>>> print(open('target_29.cif').read())   # mmCIF, C-alpha atoms
data_start
loop_
_atom_site.group_PDB
_atom_site.id
_atom_site.type_symbol
_atom_site.label_atom_id
_atom_site.label_comp_id
_atom_site.auth_asym_id
_atom_site.auth_seq_id
_atom_site.Cartn_x
_atom_site.Cartn_y
_atom_site.Cartn_z
ATOM 1 C CA MET Q 23 -14.581 -3.856 -32.389
ATOM 2 C CA ILE Q 24 -15.516 -3.574 -28.695
ATOM 3 C CA VAL Q 25 -12.152 -1.960 -27.920
ATOM 4 C CA ALA Q 26 -12.721 0.627 -30.660
ATOM 5 C CA ILE Q 27 -16.163 1.463 -29.256
ATOM 6 C CA LEU Q 28 -14.728 1.816 -25.745
ATOM 7 C CA VAL Q 29 -11.912 4.048 -27.007
ATOM 8 C CA LEU Q 30 -14.427 6.156 -28.902
ATOM 9 C CA ALA Q 31 -16.646 6.429 -25.809
ATOM 10 C CA VAL Q 32 -13.680 7.535 -23.678
ATOM 11 C CA LEU Q 33 -12.661 10.121 -26.273
ATOM 12 C CA VAL Q 34 -16.202 11.509 -26.484
ATOM 13 C CA TYR Q 35 -16.383 11.659 -22.681
ATOM 14 C CA ALA Q 36 -12.996 13.405 -22.458
ATOM 15 C CA SER Q 37 -13.966 15.981 -25.080
ATOM 16 C CA THR Q 38 -17.253 16.635 -23.265
ATOM 17 C CA ILE Q 39 -15.425 17.264 -19.988
ATOM 18 C CA GLU Q 40 -12.866 19.445 -21.768
ATOM 19 C CA ARG Q 41 -15.629 21.595 -23.308
ATOM 20 C CA ARG Q 42 -17.334 21.893 -19.928
ATOM 21 C CA VAL Q 43 -14.064 22.975 -18.295
ATOM 22 C CA ARG Q 44 -13.513 25.633 -20.986
ATOM 23 C CA ARG Q 45 -17.094 26.890 -20.604
ATOM 24 C CA TYR Q 46 -16.900 27.062 -16.794
ATOM 25 C CA ARG Q 47 -13.517 28.808 -16.906
ATOM 26 C CA SER Q 48 -14.856 31.335 -19.394
ATOM 27 C CA ASN Q 49 -18.044 31.931 -17.388
ATOM 28 C CA THR Q 50 -16.069 32.325 -14.165
ATOM 29 C CA ALA Q 51 -13.689 34.844 -15.739
ATOM 30 C CA ALA Q 52 -16.558 36.802 -17.313
ATOM 31 C CA SER Q 53 -18.520 36.930 -14.074
ATOM 32 C CA ARG Q 54 -15.405 38.001 -12.145
ATOM 33 C CA HIS Q 55 -14.998 40.822 -14.666
ATOM 34 C CA LEU Q 56 -18.652 41.783 -14.155
ATOM 35 C CA VAL Q 57 -18.063 42.075 -10.393
ATOM 36 C CA THR Q 58 -15.075 44.329 -11.086
ATOM 37 C CA VAL Q 59 -17.098 46.514 -13.464
ATOM 38 C CA GLU Q 60 -19.938 46.925 -10.973
ATOM 39 C CA VAL Q 61 -17.554 47.728 -8.112
ATOM 40 C CA GLU Q 62 -15.861 50.369 -10.309
ATOM 41 C CA ARG Q 63 -19.292 51.797 -11.117
ATOM 42 C CA ARG Q 64 -19.994 52.097 -7.394
ATOM 43 C CA TYR Q 65 -16.722 53.963 -6.798
ATOM 44 C CA ILE Q 66 -17.700 56.468 -9.482
ATOM 45 C CA GLN Q 67 -21.236 56.843 -8.126
ATOM 46 C CA LEU Q 68 -20.016 57.368 -4.570
ATOM 47 C CA GLU Q 69 -18.427 60.736 -5.446
ATOM 48 C CA PRO Q 70 -21.685 62.628 -6.155
ATOM 49 C CA PHE Q 71 -23.450 60.670 -3.411
ATOM 50 C CA ILE Q 72 -20.930 61.739 -0.766
ATOM 51 C CA ALA Q 73 -21.014 65.314 -2.072
ATOM 52 C CA ALA Q 74 -24.812 65.319 -1.683
ATOM 53 C CA ILE Q 75 -24.540 63.848 1.816
ATOM 54 C CA ASP Q 76 -22.139 66.547 3.026
ATOM 55 C CA SER Q 77 -24.831 69.233 2.832
ATOM 56 C CA SER Q 78 -27.724 67.006 3.914
ATOM 57 C CA GLY Q 79 -27.433 67.160 7.691
ATOM 58 C CA LEU Q 80 -27.116 63.397 8.125
ATOM 59 C CA ASP Q 81 -25.176 61.857 10.996
ATOM 60 C CA PRO Q 82 -21.524 62.794 10.413
ATOM 61 C CA GLU Q 83 -20.368 59.491 11.949
ATOM 62 C CA ALA Q 84 -22.239 57.483 9.302
ATOM 63 C CA VAL Q 85 -20.703 59.673 6.603
ATOM 64 C CA ARG Q 86 -17.211 59.137 8.066
ATOM 65 C CA GLN Q 87 -17.806 55.380 8.113
ATOM 66 C CA LEU Q 88 -18.882 55.493 4.475
ATOM 67 C CA VAL Q 89 -15.814 57.460 3.424
ATOM 68 C CA GLY Q 90 -13.542 55.187 5.478
ATOM 69 C CA ALA Q 91 -15.106 52.040 4.042
ATOM 70 C CA ARG Q 92 -14.677 53.418 0.530
ATOM 71 C CA SER Q 93 -10.996 54.144 1.199
ATOM 72 C CA TRP Q 94 -10.437 50.695 2.702
ATOM 73 C CA SER Q 95 -12.174 49.003 -0.222
ATOM 74 C CA LYS Q 96 -10.118 50.907 -2.767
ATOM 75 C CA ALA Q 97 -6.861 50.203 -0.882
ATOM 76 C CA VAL Q 98 -7.568 46.468 -0.642
ATOM 77 C CA ARG Q 99 -8.338 46.298 -4.340
ATOM 78 C CA ASP Q 100 -5.330 48.382 -5.383
ATOM 79 C CA ARG Q 101 -3.001 46.186 -3.333
ATOM 80 C CA GLY Q 102 -4.447 42.980 -4.791
ATOM 81 C CA LEU Q 103 -4.971 41.300 -1.435
ATOM 82 C CA GLY Q 104 -7.198 38.535 -2.792
ATOM 83 C CA LEU Q 105 -10.897 37.936 -3.107
ATOM 84 C CA GLY Q 106 -11.485 37.183 0.581
ATOM 85 C CA ALA Q 107 -10.040 40.502 1.684
ATOM 86 C CA GLN Q 108 -11.768 42.323 -1.159
ATOM 87 C CA ALA Q 109 -15.101 40.714 -0.238
ATOM 88 C CA ALA Q 110 -14.683 41.856 3.372
ATOM 89 C CA ALA Q 111 -13.909 45.410 2.249
ATOM 90 C CA GLU Q 112 -16.761 45.484 -0.268
ATOM 91 C CA ASN Q 113 -19.201 44.107 2.324
ATOM 92 C CA ALA Q 114 -18.147 46.831 4.754
ATOM 93 C CA LEU Q 115 -18.682 49.435 2.040
ATOM 94 C CA SER Q 116 -22.108 48.022 1.190
ATOM 95 C CA ALA Q 117 -23.066 48.067 4.867
ATOM 96 C CA ALA Q 118 -21.962 51.701 5.172
ATOM 97 C CA VAL Q 119 -23.926 52.652 2.042
ATOM 98 C CA HIS Q 120 -27.048 50.917 3.343
ATOM 99 C CA THR Q 121 -26.663 52.595 6.748
ATOM 100 C CA VAL Q 122 -26.562 56.032 5.139
ATOM 101 C CA LEU Q 123 -29.451 55.206 2.798
ATOM 102 C CA SER Q 124 -31.637 53.909 5.634
ATOM 103 C CA GLU Q 125 -30.866 56.961 7.752
ATOM 104 C CA ALA Q 126 -31.669 59.210 4.788
ATOM 105 C CA ASP Q 127 -35.104 57.576 4.546
ATOM 106 C CA THR Q 128 -35.947 59.037 7.960
ATOM 107 C CA HIS Q 129 -35.189 62.620 6.893
ATOM 108 C CA PRO Q 130 -38.268 64.123 5.201
ATOM 109 C CA LYS Q 131 -36.351 66.977 3.554
ATOM 110 C CA LEU Q 132 -34.075 64.503 1.733
ATOM 111 C CA LYS Q 133 -37.022 62.699 0.152
ATOM 112 C CA SER Q 134 -37.741 65.743 -1.996
ATOM 113 C CA ASN Q 135 -34.088 66.689 -2.612
ATOM 114 C CA TRP Q 136 -33.244 65.533 -6.143
ATOM 115 C CA ALA Q 137 -29.540 66.317 -5.653
ATOM 116 C CA PHE Q 138 -29.537 63.527 -3.068
ATOM 117 C CA GLN Q 139 -32.212 61.188 -4.473
ATOM 118 C CA GLY Q 140 -30.617 60.923 -7.932
ATOM 119 C CA PRO Q 141 -27.239 59.586 -6.743
ATOM 120 C CA ALA Q 142 -28.948 57.542 -4.002
ATOM 121 C CA GLY Q 143 -31.186 55.791 -6.527
ATOM 122 C CA ASP Q 144 -28.257 55.075 -8.838
ATOM 123 C CA LEU Q 145 -26.269 53.692 -5.927
ATOM 124 C CA GLU Q 146 -29.134 51.457 -4.768
ATOM 125 C CA THR Q 147 -29.404 49.998 -8.277
ATOM 126 C CA THR Q 148 -25.659 49.402 -8.411
ATOM 127 C CA GLU Q 149 -25.732 47.702 -5.004
ATOM 128 C CA LYS Q 150 -28.317 45.252 -6.356
ATOM 129 C CA ARG Q 151 -26.229 44.688 -9.467
ATOM 130 C CA ILE Q 152 -23.122 43.998 -7.362
ATOM 131 C CA ALA Q 153 -25.020 41.468 -5.254
ATOM 132 C CA GLY Q 154 -26.239 39.739 -8.413
ATOM 133 C CA ALA Q 155 -22.802 39.748 -10.029
ATOM 134 C CA VAL Q 156 -21.221 38.261 -6.903
ATOM 135 C CA ARG Q 157 -23.913 35.582 -6.777
ATOM 136 C CA VAL Q 158 -23.267 34.664 -10.426
ATOM 137 C CA TYR Q 159 -19.489 34.592 -9.898
ATOM 138 C CA ASN Q 160 -19.797 32.381 -6.820
ATOM 139 C CA ASP Q 161 -22.133 30.005 -8.675
ATOM 140 C CA ASN Q 162 -19.679 29.727 -11.567
ATOM 141 C CA ALA Q 163 -16.728 29.262 -9.208
ATOM 142 C CA TYR Q 164 -18.650 26.522 -7.407
ATOM 143 C CA LYS Q 165 -19.376 24.709 -10.674
ATOM 144 C CA LEU Q 166 -15.708 24.849 -11.623
ATOM 145 C CA ALA Q 167 -14.636 23.610 -8.193
ATOM 146 C CA LEU Q 168 -17.194 20.826 -8.411
ATOM 147 C CA LEU Q 169 -15.412 19.471 -11.486
ATOM 148 C CA ARG Q 170 -12.325 18.888 -9.335
ATOM 149 C CA SER Q 171 -14.213 17.109 -6.570
ATOM 150 C CA SER Q 172 -16.759 15.047 -8.487
ATOM 151 C CA PHE Q 173 -15.650 11.444 -8.932
ATOM 152 C CA SER Q 174 -16.657 11.279 -12.572
ATOM 153 C CA THR Q 175 -14.702 14.385 -13.600
ATOM 154 C CA LYS Q 176 -11.871 14.906 -11.114
ATOM 155 C CA PHE Q 177 -9.264 12.900 -13.049
ATOM 156 C CA MET Q 178 -9.968 14.744 -16.267
ATOM 157 C CA ALA Q 179 -10.060 18.096 -14.405
ATOM 158 C CA LYS Q 180 -6.669 17.379 -12.862
ATOM 159 C CA ALA Q 181 -5.301 16.458 -16.277
ATOM 160 C CA LEU Q 182 -6.586 19.810 -17.589
ATOM 161 C CA LYS Q 183 -4.990 21.572 -14.567
ATOM 162 C CA VAL Q 184 -8.247 23.012 -13.249
ATOM 163 C CA THR Q 185 -7.660 24.996 -10.078
ATOM 164 C CA ASP Q 186 -10.306 25.875 -7.544
ATOM 165 C CA PRO Q 187 -11.246 29.527 -8.007
ATOM 166 C CA GLU Q 188 -11.448 31.566 -4.846
ATOM 167 C CA PRO Q 189 -15.048 32.438 -3.978
ATOM 168 C CA PHE Q 190 -15.971 36.077 -3.526
ATOM 169 C CA ALA Q 191 -16.829 35.517 0.103
ATOM 170 C CA GLU Q 192 -15.767 37.184 3.271
ATOM 171 C CA HIS Q 193 -13.659 34.992 5.525
ATOM 172 C CA SER Q 194 -14.294 35.668 9.198
ATOM 173 C CA SER Q 195 -10.574 35.480 10.015
ATOM 174 C CA LEU Q 196 -9.954 38.451 7.704
ATOM 175 C CA VAL Q 197 -12.524 40.652 9.377
ATOM 176 C CA THR Q 198 -11.821 40.094 13.030
ATOM 177 C CA ASP Q 199 -10.249 37.596 15.386
ATOM 178 C CA GLU Q 200 -12.663 38.555 18.173
ATOM 179 C CA GLN Q 201 -15.772 36.611 19.051
ATOM 180 C CA PRO Q 202 -19.083 38.436 19.431
ATOM 181 C CA GLU Q 203 -19.989 39.247 23.008
ATOM 182 C CA ASP Q 204 -23.146 37.123 23.055
ATOM 183 C CA VAL Q 205 -21.351 33.941 21.915
ATOM 184 C CA PRO Q 206 -19.642 31.903 24.650
ATOM 185 C CA ALA Q 207 -15.979 31.122 24.122
#
>>> encode(input="target_29.cif", output="structure tokens")
Amino acid sequence: MIVAILVLAVLVYASTIERRVRRYRSNTAASRHLVTVEVERRYIQLEPFIAAIDSSGLDPEAVRQLVGARSWSKAVRDRGLGLGAQAAAENALSAAVHTVLSEADTHPKLKSNWAFQGPAGDLETTEKRIAGAVRVYNDNAYKLALLRSSFSTKFMAKALKVTDPEPFAEHSSLVTDEQPEDVPA
């Protein structure tokens, strides 16, 4: 009788872990897809934004950096270089977008130019959505990775062949091998 109760308890525990693994895998895949959708949306929104910038009189260097960051981001994604490289490229693109948007805030004639403000507003909203989607993906990836490292679930996770998903985070070795000037070697 005691053996049957123990076997039943182990089976219930195993099925609970198996359901959790399926849920975390599904959530991680769905949130990764959401990041991809939002990044694609940004690529589409960048076309009218860059067209509006060309005639705005903004710093041409900032515009060149934006166009270069967009090209780099697209190339990294098309080549499938992994989430670390993609995160570095997407972060560079976000930084370039924010640089142009902050510079545009200092130009009074652009504040009343709807041809610029429309795409800029859409792009700002998409930037927030990308940040949220990345945060959700990283949270889900962390939960899935935690199943592999937690003592109570790691044996079951290994039996279910759970792999650690790569976080959507920029690795410093992918960006540069140089140290900043103000940090001693």
>>> axis_aligned_box(input="target_29.cif", around="region 90-108 of chain Q", padding_each_side="6 Å", output="JSON")
{"center_x": -9.1, "center_y": 46.2, "center_z": 0.0, "size_x": 24.1, "size_y": 30.0, "size_z": 22.9}
>>> atom_distance(input="target_29.cif", atom1="CA of Phe138 (chain Q)", atom2="CA of Pro70 (chain Q)")
8.5 Å
>>> closest_residue(input="target_29.cif", among="Q:Gln67, Q:Thr50, Q:Asn113, Q:Ser124", to="Leu80 (chain Q)", atoms="all atoms listed in the file")
Q:Ser124
>>> atom_distance(input="target_29.cif", atom1="CA of Lys133 (chain Q)", atom2="CA of Val59 (chain Q)")
29.1 Å
>>> residues_around(input="target_29.cif", residues="region 176-183 of chain Q", least_positions_apart="5", cutoff="10 Å", atoms="all atoms listed in the file", output="mmCIF file with C-alpha atoms, keeping the file's coordinate frame")
data_model
loop_
_atom_site.group_PDB
_atom_site.id
_atom_site.type_symbol
_atom_site.label_atom_id
_atom_site.label_comp_id
_atom_site.auth_asym_id
_atom_site.auth_seq_id
_atom_site.Cartn_x
_atom_site.Cartn_y
_atom_site.Cartn_z
ATOM 1 C CA TYR Q 35 -16.383 11.659 -22.681
ATOM 2 C CA ALA Q 36 -12.996 13.405 -22.458
ATOM 3 C CA SER Q 37 -13.966 15.981 -25.080
ATOM 4 C CA ILE Q 39 -15.425 17.264 -19.988
ATOM 5 C CA GLU Q 40 -12.866 19.445 -21.768
ATOM 6 C CA ARG Q 42 -17.334 21.893 -19.928
ATOM 7 C CA VAL Q 43 -14.064 22.975 -18.295
ATOM 8 C CA ARG Q 44 -13.513 25.633 -20.986
ATOM 9 C CA LEU Q 166 -15.708 24.849 -11.623
ATOM 10 C CA ALA Q 167 -14.636 23.610 -8.193
ATOM 11 C CA LEU Q 168 -17.194 20.826 -8.411
ATOM 12 C CA LEU Q 169 -15.412 19.471 -11.486
ATOM 13 C CA ARG Q 170 -12.325 18.888 -9.335
ATOM 14 C CA SER Q 171 -14.213 17.109 -6.570
#
>>> build_atoms(input="target_29.cif", residues="region 128-144 of chain Q", atoms="N, CA and C atoms", output="PDB file, keeping the file's coordinate frame")
ATOM      1  N   THR Q 128     -35.247  58.448   6.816  1.00  0.00           N
ATOM      2  CA  THR Q 128     -35.947  59.037   7.960  1.00  0.00           C
ATOM      3  C   THR Q 128     -35.962  60.559   7.922  1.00  0.00           C
ATOM      4  N   HIS Q 129     -35.221  61.158   7.006  1.00  0.00           N
ATOM      5  CA  HIS Q 129     -35.189  62.620   6.893  1.00  0.00           C
ATOM      6  C   HIS Q 129     -36.175  63.069   5.813  1.00  0.00           C
ATOM      7  N   PRO Q 130     -37.250  63.733   6.197  1.00  0.00           N
ATOM      8  CA  PRO Q 130     -38.268  64.123   5.201  1.00  0.00           C
ATOM      9  C   PRO Q 130     -37.753  65.117   4.157  1.00  0.00           C
ATOM     10  N   LYS Q 131     -36.823  65.993   4.540  1.00  0.00           N
ATOM     11  CA  LYS Q 131     -36.351  66.977   3.554  1.00  0.00           C
ATOM     12  C   LYS Q 131     -35.501  66.334   2.459  1.00  0.00           C
ATOM     13  N   LEU Q 132     -34.887  65.183   2.746  1.00  0.00           N
ATOM     14  CA  LEU Q 132     -34.075  64.503   1.733  1.00  0.00           C
ATOM     15  C   LEU Q 132     -34.929  63.763   0.710  1.00  0.00           C
ATOM     16  N   LYS Q 133     -36.160  63.420   1.081  1.00  0.00           N
ATOM     17  CA  LYS Q 133     -37.022  62.699   0.152  1.00  0.00           C
ATOM     18  C   LYS Q 133     -37.419  63.553  -1.047  1.00  0.00           C
ATOM     19  N   SER Q 134     -37.391  64.850  -0.889  1.00  0.00           N
ATOM     20  CA  SER Q 134     -37.741  65.743  -1.996  1.00  0.00           C
ATOM     21  C   SER Q 134     -36.511  66.422  -2.606  1.00  0.00           C
ATOM     22  N   ASN Q 135     -35.331  66.080  -2.139  1.00  0.00           N
ATOM     23  CA  ASN Q 135     -34.088  66.689  -2.612  1.00  0.00           C
ATOM     24  C   ASN Q 135     -33.524  65.838  -3.748  1.00  0.00           C
ATOM     25  N   TRP Q 136     -33.697  66.311  -4.990  1.00  0.00           N
ATOM     26  CA  TRP Q 136     -33.244  65.533  -6.143  1.00  0.00           C
ATOM     27  C   TRP Q 136     -31.721  65.405  -6.181  1.00  0.00           C
ATOM     28  N   ALA Q 137     -31.005  66.383  -5.670  1.00  0.00           N
ATOM     29  CA  ALA Q 137     -29.540  66.317  -5.653  1.00  0.00           C
ATOM     30  C   ALA Q 137     -29.065  65.125  -4.832  1.00  0.00           C
ATOM     31  N   PHE Q 138     -29.872  64.715  -3.859  1.00  0.00           N
ATOM     32  CA  PHE Q 138     -29.537  63.527  -3.068  1.00  0.00           C
ATOM     33  C   PHE Q 138     -30.195  62.281  -3.636  1.00  0.00           C
ATOM     34  N   GLN Q 139     -31.461  62.355  -4.025  1.00  0.00           N
ATOM     35  CA  GLN Q 139     -32.212  61.188  -4.473  1.00  0.00           C
ATOM     36  C   GLN Q 139     -31.677  60.595  -5.768  1.00  0.00           C
ATOM     37  N   GLY Q 140     -31.181  61.428  -6.672  1.00  0.00           N
ATOM     38  CA  GLY Q 140     -30.617  60.923  -7.932  1.00  0.00           C
ATOM     39  C   GLY Q 140     -29.436  59.991  -7.695  1.00  0.00           C
ATOM     40  N   PRO Q 141     -28.382  60.476  -7.023  1.00  0.00           N
ATOM     41  CA  PRO Q 141     -27.239  59.586  -6.743  1.00  0.00           C
ATOM     42  C   PRO Q 141     -27.610  58.410  -5.835  1.00  0.00           C
ATOM     43  N   ALA Q 142     -28.545  58.626  -4.900  1.00  0.00           N
ATOM     44  CA  ALA Q 142     -28.948  57.542  -4.002  1.00  0.00           C
ATOM     45  C   ALA Q 142     -29.645  56.431  -4.786  1.00  0.00           C
ATOM     46  N   GLY Q 143     -30.505  56.795  -5.708  1.00  0.00           N
ATOM     47  CA  GLY Q 143     -31.186  55.791  -6.527  1.00  0.00           C
ATOM     48  C   GLY Q 143     -30.217  55.020  -7.411  1.00  0.00           C
ATOM     49  N   ASP Q 144     -29.271  55.739  -8.014  1.00  0.00           N
ATOM     50  CA  ASP Q 144     -28.257  55.075  -8.838  1.00  0.00           C
ATOM     51  C   ASP Q 144     -27.431  54.100  -8.003  1.00  0.00           C
TER      52      ASP Q 144
END
